Amino acid sequence: MTDDLVGDLAGEAARGSFFLAVGQFFTLTFGAASVFIIARMLGPEGYGLYSLALIPASLLVLGTQWGLNIALVKYSSEARERGDLAAVCSAFRCCLGFRLIAGALGAVGASSSQASLHRGC
């Protein structure tokens, strides 16, 4: 590797790390603020129920991940490096389709489980 290439890669990595850190900061800040606002609006008992209601939704979100973010970054960067933009678009469409299908199945499952809980089954 030449020194110019190493310098370019280091600069690109530093730039990407900066934007990632800024994004994480805003995500955590707004997340914490929303928790405080919701807790103040609902009170202790209401916030407890709200927290219990979020457990199934959180589990459903975990079921839609399956390492897709990591795979998408890996394969799209490899395809982009080869200059194969069609493969990059295909990877994005595939991951988006999978997440939409998994989300729809999760919504149907959550709806049916909510209906059965409401009936007392």
# chains A, B, ... in the order shown; residues from 1 in each chain; ligands from 1

call {"tool": "residues_around", "arguments": {"residues": "Cys89 of chain A", "least_positions_apart": "4", "cutoff": "12 Å", "atoms": "only C-alpha atoms", "output": "VMD selection string"}}
result
chain A and resid 72 75 to 77 79 to 80 83 to 85 93 to 96

call {"tool": "closest_residue", "arguments": {"among": "A:Glu81, A:Arg99, A:Thr27, A:Ala104", "to": "Gly67 of chain A", "atoms": "only C-alpha atoms"}}
result
A:Arg99

call {"tool": "closest_residue", "arguments": {"among": "A:Pro56, A:Gly31, A:Gly23, A:Gly48", "to": "Ser111 of chain A", "atoms": "only C-alpha atoms"}}
result
A:Pro56

call {"tool": "atom_distance", "arguments": {"atom1": "atom CA of Ser51 of chain A", "atom2": "atom CA of Thr29 of chain A"}}
result
18.9 Å

call {"tool": "atom_distance", "arguments": {"atom1": "atom CA of Phe98 of chain A", "atom2": "atom CA of Val73 of chain A"}}
result
15.6 Å

call {"tool": "closest_residue", "arguments": {"among": "A:Leu68, A:Ile37, A:Phe19, A:Ala13", "to": "Ala91 of chain A", "atoms": "only C-alpha atoms"}}
result
A:Leu68

call {"tool": "decode", "arguments": {"residues": "segment 93-106 of chain A", "atoms": "N, CA and C atoms", "output": "short mmCIF file (atom, residue, chain, number, x, y, z; two decimals), in the first residue's frame"}}
result
data_model
loop_
_atom_site.label_atom_id
_atom_site.label_comp_id
_atom_site.auth_asym_id
_atom_site.auth_seq_id
_atom_site.Cartn_x
_atom_site.Cartn_y
_atom_site.Cartn_z
N ARG A 93 -32.49 -4.01 -2.06
CA ARG A 93 -33.86 -4.48 -2.27
C ARG A 93 -34.13 -5.77 -1.52
N CYS A 94 -33.17 -6.68 -1.52
CA CYS A 94 -33.33 -7.95 -0.82
C CYS A 94 -33.50 -7.74 0.68
N CYS A 95 -32.64 -6.91 1.27
CA CYS A 95 -32.74 -6.66 2.72
C CYS A 95 -34.02 -5.92 3.07
N LEU A 96 -34.40 -4.95 2.25
CA LEU A 96 -35.64 -4.22 2.50
C LEU A 96 -36.84 -5.16 2.41
N GLY A 97 -36.86 -6.00 1.39
CA GLY A 97 -37.96 -6.95 1.23
C GLY A 97 -38.05 -7.91 2.40
N PHE A 98 -36.91 -8.42 2.84
CA PHE A 98 -36.91 -9.35 3.96
C PHE A 98 -37.42 -8.67 5.22
N ARG A 99 -36.99 -7.44 5.47
CA ARG A 99 -37.42 -6.73 6.68
C ARG A 99 -38.90 -6.40 6.61
N LEU A 100 -39.41 -6.05 5.42
CA LEU A 100 -40.84 -5.78 5.29
C LEU A 100 -41.67 -7.02 5.53
N ILE A 101 -41.24 -8.15 4.98
CA ILE A 101 -41.97 -9.40 5.18
C ILE A 101 -41.91 -9.82 6.65
N ALA A 102 -40.74 -9.74 7.27
CA ALA A 102 -40.62 -10.09 8.69
C ALA A 102 -41.45 -9.15 9.55
N GLY A 103 -41.48 -7.87 9.21
CA GLY A 103 -42.30 -6.93 9.96
C GLY A 103 -43.79 -7.20 9.81
N ALA A 104 -44.21 -7.54 8.59
CA ALA A 104 -45.62 -7.86 8.37
C ALA A 104 -46.02 -9.12 9.14
N LEU A 105 -45.17 -10.13 9.10
CA LEU A 105 -45.46 -11.35 9.87
C LEU A 105 -45.49 -11.07 11.36
N GLY A 106 -44.59 -10.22 11.83
CA GLY A 106 -44.59 -9.85 13.24
C GLY A 106 -45.85 -9.09 13.62
#
